file model32.cif (mmCIF, C-alpha atoms)
data_input
loop_
_atom_site.label_atom_id
_atom_site.label_comp_id
_atom_site.auth_asym_id
_atom_site.auth_seq_id
_atom_site.Cartn_x
_atom_site.Cartn_y
_atom_site.Cartn_z
CA MET S 22 6.97 -21.21 13.74
CA CYS S 23 4.62 -18.86 15.51
CA ASP S 24 6.95 -17.72 18.29
CA VAL S 25 5.82 -14.11 18.06
CA HIS S 26 2.13 -14.92 17.70
CA SER S 27 1.07 -14.11 21.23
CA ARG S 28 2.69 -10.67 21.31
CA SER S 29 0.99 -7.57 19.96
CA VAL S 30 2.00 -6.23 16.57
CA ASN S 31 2.52 -2.68 17.80
CA LYS S 32 4.61 -3.70 20.76
CA ASP S 33 6.98 -5.65 18.58
CA GLU S 34 7.34 -3.13 15.79
CA GLU S 35 11.10 -3.35 15.94
CA GLU S 36 11.11 -7.12 15.97
CA GLN S 37 8.69 -7.10 13.07
CA GLY S 38 11.08 -4.85 11.14
CA VAL S 39 13.81 -7.44 11.64
CA LEU S 40 11.49 -10.22 10.45
CA ILE S 41 10.56 -8.21 7.36
CA HIS S 42 14.21 -7.58 6.59
CA ARG S 43 15.05 -11.26 6.96
CA ALA S 44 12.06 -12.31 4.85
CA GLN S 45 13.05 -9.82 2.17
CA ARG S 46 16.33 -11.67 1.90
CA GLY S 47 14.54 -14.99 1.43
CA ASP S 48 14.15 -16.31 5.00
CA THR S 49 10.92 -18.35 4.88
CA GLN S 50 10.99 -18.97 8.63
CA ALA S 51 10.86 -15.21 9.25
CA PHE S 52 8.06 -14.88 6.74
CA GLY S 53 6.17 -17.66 8.53
CA GLU S 54 6.35 -15.60 11.72
CA LEU S 55 5.00 -12.57 9.89
CA VAL S 56 2.13 -14.74 8.66
CA CYS S 57 1.43 -15.76 12.26
CA LEU S 58 1.35 -12.11 13.34
CA HIS S 59 -1.10 -10.95 10.70
CA TYR S 60 -3.12 -14.04 9.80
CA ARG S 61 -6.10 -13.39 12.01
CA SER S 62 -6.53 -9.70 11.23
CA VAL S 63 -6.23 -10.33 7.49
CA VAL S 64 -8.79 -13.16 7.54
CA GLN S 65 -11.21 -11.14 9.63
CA MET S 66 -10.91 -8.09 7.42
CA LEU S 67 -11.49 -10.26 4.35
CA TYR S 68 -14.43 -11.98 6.00
CA ARG S 69 -16.05 -8.62 6.60
CA MET S 70 -15.48 -7.82 2.95
CA CYS S 71 -17.05 -11.00 1.53
CA GLY S 72 -19.14 -12.56 4.32
CA GLU S 73 -17.90 -16.09 3.65
CA LEU S 74 -15.18 -17.66 5.80
CA PRO S 75 -13.79 -20.24 3.31
CA LEU S 76 -13.47 -17.53 0.66
CA ALA S 77 -11.79 -15.20 3.16
CA GLU S 78 -9.30 -17.93 4.10
CA ASP S 79 -8.48 -18.70 0.47
CA ALA S 80 -8.00 -15.00 -0.21
CA ALA S 81 -5.77 -14.72 2.87
CA GLN S 82 -3.58 -17.53 1.57
CA GLU S 83 -3.34 -15.80 -1.80
CA THR S 84 -2.55 -12.55 0.03
CA PHE S 85 0.44 -13.98 1.86
CA ILE S 86 1.78 -15.70 -1.25
CA ARG S 87 1.60 -12.41 -3.17
CA ALA S 88 3.14 -10.61 -0.22
CA TRP S 89 6.06 -13.04 -0.28
CA GLN S 90 6.62 -12.43 -3.98
CA HIS S 91 6.52 -8.66 -3.69
CA LEU S 92 8.21 -8.34 -0.31
CA PRO S 93 11.61 -7.30 -1.72
CA ARG S 94 9.93 -4.14 -3.02
CA TYR S 95 8.17 -3.30 0.26
CA ARG S 96 9.44 -0.07 1.81
CA PRO S 97 8.38 0.75 5.37
CA ARG S 98 6.79 4.11 4.51
CA ALA S 99 3.43 2.67 5.54
CA PRO S 100 2.85 0.03 8.24
CA PHE S 101 3.28 -3.54 7.04
CA ARG S 102 -0.30 -4.36 8.08
CA HIS S 103 -1.70 -1.67 5.77
CA TRP S 104 0.45 -2.94 2.93
CA LEU S 105 -0.99 -6.42 3.52
CA TYR S 106 -4.53 -5.03 3.52
CA ARG S 107 -3.95 -3.49 0.15
CA ILE S 108 -2.76 -6.84 -1.25
CA ALA S 109 -5.63 -8.63 0.51
CA ILE S 110 -8.31 -6.39 -0.99
CA ASN S 111 -6.83 -6.82 -4.47
CA ALA S 112 -6.55 -10.59 -3.97
CA MET S 113 -10.15 -10.78 -2.82
CA ARG S 114 -11.29 -8.73 -5.81
CA ASP S 115 -9.45 -11.07 -8.19
CA MET S 116 -10.79 -14.21 -6.51
CA VAL S 117 -14.37 -12.98 -6.57
CA ARG S 118 -13.95 -12.11 -10.24
CA ARG S 119 -12.61 -15.60 -10.96
CA ARG S 120 -15.25 -17.35 -8.92
CA ARG S 121 -18.19 -15.18 -9.94
CA ASP S 122 -19.95 -18.15 -11.51
CA GLU S 123 -19.55 -20.22 -8.37
CA VAL S 124 -20.06 -17.59 -5.63
CA ASP S 125 -22.94 -15.19 -5.67
CA ILE S 126 -21.89 -12.38 -3.33
CA GLU S 127 -25.47 -11.25 -2.80
CA ALA S 128 -26.51 -14.75 -1.74
CA LEU S 129 -23.73 -15.43 0.74
CA PRO S 130 -24.78 -16.95 4.06
CA LEU S 131 -25.88 -14.20 6.38
CA ALA S 132 -27.99 -16.07 8.88
CA ALA S 133 -26.94 -16.19 12.48
CA GLU S 134 -24.99 -19.22 13.61
CA GLY S 135 -26.62 -21.50 16.15
CA GLU S 136 -29.82 -21.06 18.13
CA GLY S 137 -30.51 -19.77 21.60
CA PRO S 138 -33.10 -18.07 23.72
CA GLU S 139 -35.50 -15.75 21.90
CA GLU S 140 -33.74 -12.55 22.89
CA ALA S 141 -30.37 -13.81 21.78
CA TRP S 142 -31.93 -15.01 18.56
CA GLU S 143 -33.41 -11.55 17.93
CA GLN S 144 -30.05 -9.95 18.55
CA GLN S 145 -28.47 -12.38 16.09
CA GLU S 146 -31.16 -11.46 13.57
CA ARG S 147 -30.32 -7.78 13.93
CA ILE S 148 -26.63 -8.47 13.55
CA ALA S 149 -27.35 -10.49 10.42
CA GLN S 150 -29.31 -7.49 9.17
CA VAL S 151 -26.30 -5.21 9.71
CA ARG S 152 -23.97 -7.68 8.01
CA ALA S 153 -26.31 -7.93 5.03
CA ALA S 154 -26.48 -4.15 4.76
CA VAL S 155 -22.68 -3.91 4.76
CA LEU S 156 -22.34 -6.65 2.13
CA ALA S 157 -24.89 -4.88 -0.06
CA LEU S 158 -22.65 -1.82 -0.32
CA PRO S 159 -20.55 -1.36 -3.46
CA GLU S 160 -17.15 -2.96 -2.99
CA ALA S 161 -15.22 0.33 -3.09
CA SER S 162 -17.32 1.92 -0.34
CA ARG S 163 -17.35 -1.29 1.70
CA ALA S 164 -13.54 -1.45 1.72
CA VAL S 165 -13.27 2.14 2.99
CA LEU S 166 -15.94 1.54 5.66
CA ILE S 167 -14.27 -1.66 6.92
CA LEU S 168 -10.82 -0.10 7.11
CA ARG S 169 -12.27 2.82 9.07
CA GLU S 170 -14.79 1.14 11.36
CA TYR S 171 -13.11 -2.20 12.07
CA GLU S 172 -9.44 -1.58 11.46
CA GLY S 173 -9.41 1.98 12.83
CA LEU S 174 -7.32 3.46 10.01
CA SER S 175 -7.27 7.23 9.58
CA TYR S 176 -8.45 8.83 6.34
CA ARG S 177 -4.85 9.35 5.25
CA GLU S 178 -3.92 5.73 6.01
CA ILE S 179 -6.95 4.45 4.09
CA ALA S 180 -5.98 6.66 1.15
CA GLN S 181 -2.43 5.22 1.20
CA THR S 182 -3.66 1.66 1.59
CA LEU S 183 -6.14 1.82 -1.28
CA GLY S 184 -4.13 4.20 -3.44
CA ILE S 185 -6.89 6.81 -3.67
CA PRO S 186 -7.08 10.51 -2.68
CA VAL S 187 -8.25 11.46 0.83
CA GLY S 188 -11.24 13.29 -0.70
CA THR S 189 -12.37 10.05 -2.31
CA VAL S 190 -12.04 8.25 1.03
CA MET S 191 -14.32 10.83 2.63
CA SER S 192 -16.92 10.70 -0.13
CA ARG S 193 -17.00 6.87 -0.18
CA LEU S 194 -17.30 6.75 3.59
CA HIS S 195 -20.11 9.28 3.52
CA TYR S 196 -21.91 7.30 0.84
CA ALA S 197 -21.52 4.03 2.77
CA ARG S 198 -22.80 5.54 6.00
CA SER S 199 -25.74 7.23 4.32
CA ARG S 200 -26.78 3.95 2.71
CA LEU S 201 -26.43 2.09 6.01
CA ARG S 202 -28.37 4.72 7.91
CA ASP S 203 -31.21 4.37 5.42
CA ARG S 204 -31.20 0.58 5.50
CA LEU S 205 -30.78 0.26 9.25
CA ALA S 206 -32.95 3.19 10.31
CA SER S 207 -35.10 1.04 12.58
CA LEU S 208 -32.09 -0.35 14.47
CA ILE S 209 -30.36 2.99 14.80
CA GLU S 210 -33.50 4.71 16.15
CA ARG S 211 -34.04 1.93 18.69
CA GLU S 212 -30.50 2.33 20.10
CA MET D 12 -28.11 29.83 15.63
CA ASN D 13 -24.94 28.95 13.71
CA ARG D 14 -25.17 27.03 10.48
CA HIS D 15 -25.59 23.27 10.87
CA VAL D 16 -22.43 21.21 10.91
CA ASP D 17 -23.63 18.09 9.06
CA ARG D 18 -20.68 18.13 6.71
CA TRP D 19 -18.19 17.96 9.58
CA LEU D 20 -19.97 15.41 11.75
CA GLU D 21 -18.43 12.28 10.24
CA ALA D 22 -14.92 13.71 10.43
CA TYR D 23 -15.74 14.74 14.02
CA VAL D 24 -16.80 11.19 14.96
CA ASP D 25 -13.70 9.81 13.25
CA GLY D 26 -11.39 12.21 15.11
CA GLU D 27 -10.20 13.79 11.88
CA LEU D 28 -10.96 17.47 12.60
CA GLY D 29 -8.37 20.07 13.54
CA ASP D 30 -8.67 21.76 16.94
CA ALA D 31 -10.37 24.94 15.71
CA ARG D 32 -12.97 23.10 13.63
CA ARG D 33 -13.59 20.58 16.41
CA ARG D 34 -14.29 23.38 18.91
CA GLN D 35 -16.63 25.01 16.39
CA VAL D 36 -18.54 21.73 15.93
CA GLU D 37 -18.73 21.15 19.68
CA ALA D 38 -20.03 24.67 20.29
CA HIS D 39 -22.71 24.15 17.66
CA LEU D 40 -23.68 20.74 19.04
CA ARG D 41 -24.33 22.27 22.47
CA GLN D 42 -27.12 24.39 21.05
CA CYS D 43 -28.49 22.34 18.11
CA ALA D 44 -30.73 19.36 18.83
CA ARG D 45 -30.91 18.41 15.15
CA CYS D 46 -27.15 18.02 14.80
CA ARG D 47 -26.98 16.18 18.13
CA THR D 48 -29.53 13.69 16.79
CA MET D 49 -27.44 13.18 13.66
CA LEU D 50 -24.34 12.68 15.76
CA GLY D 51 -26.24 10.12 17.87
CA GLU D 52 -27.25 8.24 14.72
CA LEU D 53 -23.68 8.14 13.45
CA ARG D 54 -22.43 6.79 16.78
CA SER D 55 -25.25 4.28 16.94
CA LEU D 56 -24.39 3.04 13.45
CA SER D 57 -20.78 2.64 14.51
CA THR D 58 -21.87 0.67 17.58
CA TRP D 59 -24.02 -1.66 15.50
CA LEU D 60 -21.23 -2.24 13.02
CA ARG D 61 -18.87 -3.23 15.80
CA ARG D 62 -21.36 -5.70 17.19
CA VAL D 63 -21.00 -7.82 14.07
CA PRO D 64 -18.47 -10.47 15.08
CA ALA D 65 -15.90 -12.01 12.77
CA PRO D 66 -15.70 -15.79 13.17
CA ARG D 67 -12.58 -17.63 14.20
CA PRO D 68 -10.71 -18.98 11.20
CA ALA D 69 -11.05 -22.72 10.64
CA LEU D 70 -7.28 -23.29 10.61
CA SER D 71 -5.12 -22.49 13.60
CA THR D 72 -2.50 -19.80 13.09
CA GLU D 73 0.28 -22.40 13.16
CA GLN D 74 -1.46 -24.64 10.60
CA PHE D 75 -2.13 -21.71 8.31
CA ALA D 76 1.46 -20.45 8.50
CA VAL D 77 2.85 -23.92 7.75
CA ALA D 78 0.45 -24.27 4.79
CA VAL D 79 1.46 -20.88 3.39
CA VAL D 80 5.20 -21.41 3.85
CA SER D 81 5.03 -24.83 2.18
CA GLN D 82 3.47 -23.23 -0.91
CA LEU D 83 5.73 -20.21 -1.26
CA PRO D 84 6.76 -19.87 -4.89
CA GLY D 85 10.00 -18.38 -6.19
CA ARG D 86 10.17 -14.63 -6.41
CA PRO D 87 9.89 -12.95 -9.79
CA SER D 88 13.17 -11.35 -10.78
CA LEU D 89 13.49 -7.58 -10.89
CA LEU D 90 14.31 -7.86 -14.59
CA ARG D 91 10.99 -9.55 -15.21
CA GLY D 92 9.30 -6.65 -13.45
CA VAL D 93 11.04 -4.19 -15.72
CA VAL D 94 10.22 -6.16 -18.86
CA ASN D 95 6.59 -6.79 -17.95
CA ALA D 96 5.88 -3.32 -16.62
CA PRO D 97 3.40 -1.46 -18.79
CA PHE D 98 4.48 1.74 -20.51
CA THR D 99 2.01 3.88 -18.64
CA TRP D 100 4.57 6.61 -18.03
CA TRP D 101 5.07 7.73 -21.60
CA TRP D 102 7.81 10.09 -20.51
CA SER D 103 10.05 7.21 -19.54
CA VAL D 104 10.76 6.65 -23.27
CA PRO D 105 12.34 10.07 -23.99
CA LEU D 106 14.10 9.85 -20.63
CA ILE D 107 15.73 6.56 -21.50
CA LEU D 108 16.72 7.95 -24.94
CA LEU D 109 18.17 11.04 -23.29
CA ALA D 110 20.03 8.84 -20.83
CA ILE D 111 21.52 6.78 -23.68
CA LEU D 112 22.54 9.97 -25.51
CA ALA D 113 24.09 11.48 -22.39
CA PHE D 114 25.94 8.28 -21.63
CA GLY D 115 27.24 8.04 -25.23
CA GLN D 116 28.36 11.66 -25.26
CA GLY D 117 30.00 11.30 -21.87
CA ALA D 118 31.79 8.11 -22.82
CA LEU D 119 32.97 9.64 -26.12
CA THR D 120 34.33 12.78 -24.47
CA ALA D 121 36.07 10.83 -21.74
CA THR D 122 37.59 8.44 -24.32
CA ARG D 123 38.89 11.36 -26.39
CA GLY D 124 40.52 12.84 -23.30
CA VAL D 125 42.19 9.54 -22.39
CA LEU D 126 43.38 8.96 -26.01
CA TRP D 127 44.79 12.49 -26.14
CA LEU D 128 46.68 11.80 -22.95
CA LEU D 129 48.05 8.45 -24.19
CA PHE D 130 49.02 9.92 -27.56
CA GLY D 131 50.86 12.77 -25.83
CA VAL D 132 52.79 10.36 -23.63
CA TRP D 133 53.71 8.19 -26.62
CA ARG D 134 54.83 11.18 -28.72
CA TRP D 135 56.81 12.68 -25.90
CA SER D 136 58.57 9.44 -25.02
CA GLY D 137 59.27 8.51 -28.69
CA ILE D 138 60.85 11.81 -29.67
CA SER D 139 62.71 12.30 -26.45
CA ALA D 140 64.35 8.88 -26.92
CA SER D 141 65.77 9.73 -30.38
CA LEU D 142 67.06 13.25 -29.63
CA PRO D 143 70.11 14.23 -27.52
CA PHE D 144 68.36 17.19 -25.89
CA ALA D 145 65.27 17.50 -23.80
CA LEU D 146 61.99 18.52 -25.41
CA PRO D 147 59.34 20.63 -23.75
CA LEU D 148 56.09 18.89 -22.76
CA PRO D 149 54.15 17.76 -25.86
CA TRP D 150 50.80 19.12 -24.63
CA SER D 151 49.91 22.75 -24.22
CA LEU D 152 48.08 24.38 -21.34
CA GLU D 153 44.88 24.44 -23.45
CA GLY D 154 45.33 20.74 -24.05
CA LEU D 155 45.51 20.09 -20.35
CA ARG D 156 42.38 22.15 -19.82
CA GLU D 157 40.60 20.18 -22.56
CA LEU D 158 41.66 16.94 -20.94
CA GLU D 159 40.36 18.01 -17.55
CA TYR D 160 37.13 19.34 -19.05
CA GLY D 161 36.62 16.18 -21.05
CA LEU D 162 37.14 13.92 -18.07
CA TRP D 163 34.80 15.86 -15.82
CA LEU D 164 32.15 16.15 -18.50
CA GLY D 165 32.41 12.46 -19.18
CA VAL D 166 32.07 11.54 -15.53
CA GLY D 167 29.23 14.03 -15.00
CA LEU D 168 27.23 12.93 -18.03
CA SER D 169 27.71 9.26 -17.19
CA ALA D 170 26.46 9.88 -13.65
CA CYS D 171 23.44 11.80 -14.99
CA SER D 172 22.63 9.07 -17.48
CA TRP D 173 22.90 6.43 -14.78
CA MET D 174 20.58 8.37 -12.48
CA MET D 175 18.02 8.95 -15.23
CA ALA D 176 18.04 5.31 -16.28
CA TRP D 177 17.75 4.21 -12.65
CA TRP D 178 14.83 6.55 -12.02
CA ALA D 179 12.98 5.47 -15.17
CA MET D 180 13.44 1.80 -14.21
CA ARG D 181 12.28 2.46 -10.67
CA GLU D 182 9.12 4.17 -11.92
CA ARG D 183 8.38 1.23 -14.18
CA LEU D 184 8.90 -1.18 -11.28
CA ARG D 185 6.65 0.90 -9.05
CA VAL D 186 3.82 0.84 -11.58
CA TYR D 187 4.33 -2.89 -12.07
CA ALA D 188 4.22 -3.51 -8.32
CA LEU D 189 1.09 -1.38 -7.89
CA ARG D 190 -0.73 -3.38 -10.55
CA ASN D 191 0.38 -6.79 -9.43
CA THR D 192 -0.03 -6.74 -5.67
#
call {"tool": "encode", "arguments": {"input": "model32.cif", "output": "structure tokens"}}
result
Amino acid sequence: MCDVHSRSVNKDEEEQGVLIHRAQRGDTQAFGELVCLHYRSVVQMLYRMCGELPLAEDAAQETFIRAWQHLPRYRPRAPFRHWLYRIAINAMRDMVRRRRDEVDIEALPLAAEGEGPEEAWEQQERIAQVRAAVLALPEASRAVLILREYEGLSYREIAQTLGIPVGTVMSRLHYARSRLRDRLASLIERE
Amino acid sequence: MNRHVDRWLEAYVDGELGDARRRQVEAHLRQCARCRTMLGELRSLSTWLRRVPAPRPALSTEQFAVAVVSQLPGRPSLLRGVVNAPFTWWWSVPLILLAILAFGQGALTATRGVLWLLFGVWRWSGISASLPFALPLPWSLEGLRELEYGLWLGVGLSACSWMMAWWAMRERLRVYALRNT
């Protein structure tokens, strides 16, 4: 199914357009290939949003199922990946709302995985500190920060993806960075 | 010294400034240690954020794709989207009413024109069959003009009504899609 998996998304923009067109007409094989192309980036983006891999994977599954249902109405004004991110963020929001009793976002596992030499352990501790600071941000600011810092979207693309004005993108990003600079002052000064 | 450029620094780091503003920020940075420190902090924050790795998903890409494809549900019909869409755009109601009115008026005018034409043909053929001499055409020049006007108006109004109804439906679908994806 994943014939196109190893190729880059940008390189195969045209081929992706053909897959989207086929999937819009009900071709599940073509949709499976689109899933292969975007699976990893969607899961990783969701993981950065929630900090828990199983939750991110469940939300990714929900994302692709919703994408399948709404694909006939997708118009390629914005890149397909950004359209998926929008669905993914909404799916994650809904799942967290549903599972609020079971999953406490503030208490998600943040500790470093595995053990190693002391220096590596310290580095892992610092990284856990950064991850905790990101997860402590309000969801709206966190989404803007992740799309900018990890996904490299421009302000305009973030605005289109989240359906908010560019001014709001800038203010949320500024808020997120200010909060992070306060919380991570010791790390930032040491750099 | 120029005024500090704090408010532009984030856009500068993100590559979102226009050429003129970017040059202005760069000129200021060359002479302002305070703003350079702030810029350094922003870049350092960015570096730290990028050091946070995302783990590899538990399922392989192939396994995940197979799992997703095996669970794909049927697609909701467009009609369901139209029916379930919320009436957020209050103006779609008068638009739909206007479209119905325009369509009705157009259909009525066009029907009248066609009936007038059929009646004229019937009258002309009926009388001409019973008389030994030829009759002039049963419709006047004004009648012909009315027929043409009626047909064009009918076609035009029907097209307008169709476009308005299509647009209103599309807006409702758009709102529905935005809320449900």
call {"tool": "residues_around", "arguments": {"input": "model32.cif", "residues": "Val63 of chain D", "least_positions_apart": "3", "cutoff": "10 Å", "atoms": "all atoms listed in the file", "output": "number ranges by chain"}}
result
S: 69, 145, 147-152, 171; D: 58-60, 66
call {"tool": "closest_residue", "arguments": {"input": "model32.cif", "among": "D:Leu28, D:Met174, D:Arg41, D:Pro84", "to": "chain S", "atoms": "all atoms listed in the file"}}
result
D:Pro84
call {"tool": "resolve_selection", "arguments": {"input": "model32.cif", "expression": "the PyMOL selection byres ((chain D) within 7 of (chain S))", "output": "VMD selection string"}}
result
chain D and resid 52 55 to 57 60 to 63 65 72 to 73 76 79 to 80 83 86 to 87 192
call {"tool": "atom_distance", "arguments": {"input": "model32.cif", "atom1": "atom CA of Leu112 of chain D", "atom2": "atom CA of Leu168 of chain D"}}
result
9.3 Å
call {"tool": "residues_around", "arguments": {"input": "model32.cif", "residues": "Gln116 of chain D", "least_positions_apart": "6", "cutoff": "12 Å", "atoms": "all atoms listed in the file", "output": "PyMOL selection string"}}
result
chain D and resi 109-110+122-123+161-162+164-172
call {"tool": "atom_distance", "arguments": {"input": "model32.cif", "atom1": "atom CA of Asp79 of chain S", "atom2": "atom CA of Leu183 of chain S"}}
result
20.7 Å
call {"tool": "closest_residue", "arguments": {"input": "model32.cif", "among": "D:Val36, D:Pro68, D:Gly29, D:Gly51", "to": "Leu76 of chain S", "atoms": "all atoms listed in the file"}}
result
D:Pro68
call {"tool": "atom_distance", "arguments": {"input": "model32.cif", "atom1": "atom CA of Ala44 of chain S", "atom2": "atom CA of Tyr106 of chain S"}}
result
18.2 Å
call {"tool": "residues_around", "arguments": {"input": "model32.cif", "residues": "Asp17 of chain D", "least_positions_apart": "6", "cutoff": "12 Å", "atoms": "all atoms listed in the file", "output": "compact mmCIF listing (two decimals) with C-alpha atoms, in the coordinates of the input"}}
result
# COMPACT_ATOMS: atom_id res chain seq x y z
CA HIS S 195 -20.11 9.28 3.52
CA TYR D 23 -15.74 14.74 14.02
CA VAL D 24 -16.80 11.19 14.96
CA VAL D 36 -18.54 21.73 15.93
CA HIS D 39 -22.71 24.15 17.66
CA LEU D 40 -23.68 20.74 19.04
CA CYS D 43 -28.49 22.34 18.11
CA ARG D 45 -30.91 18.41 15.15
CA CYS D 46 -27.15 18.02 14.80
CA ARG D 47 -26.98 16.18 18.13
CA THR D 48 -29.53 13.69 16.79
CA MET D 49 -27.44 13.18 13.66
CA LEU D 50 -24.34 12.68 15.76
CA GLU D 52 -27.25 8.24 14.72
CA LEU D 53 -23.68 8.14 13.45
call {"tool": "closest_residue", "arguments": {"input": "model32.cif", "among": "S:His42, S:Arg119, S:Arg204, S:Arg102", "to": "Ala157 of chain S", "atoms": "all atoms listed in the file"}}
result
S:Arg204
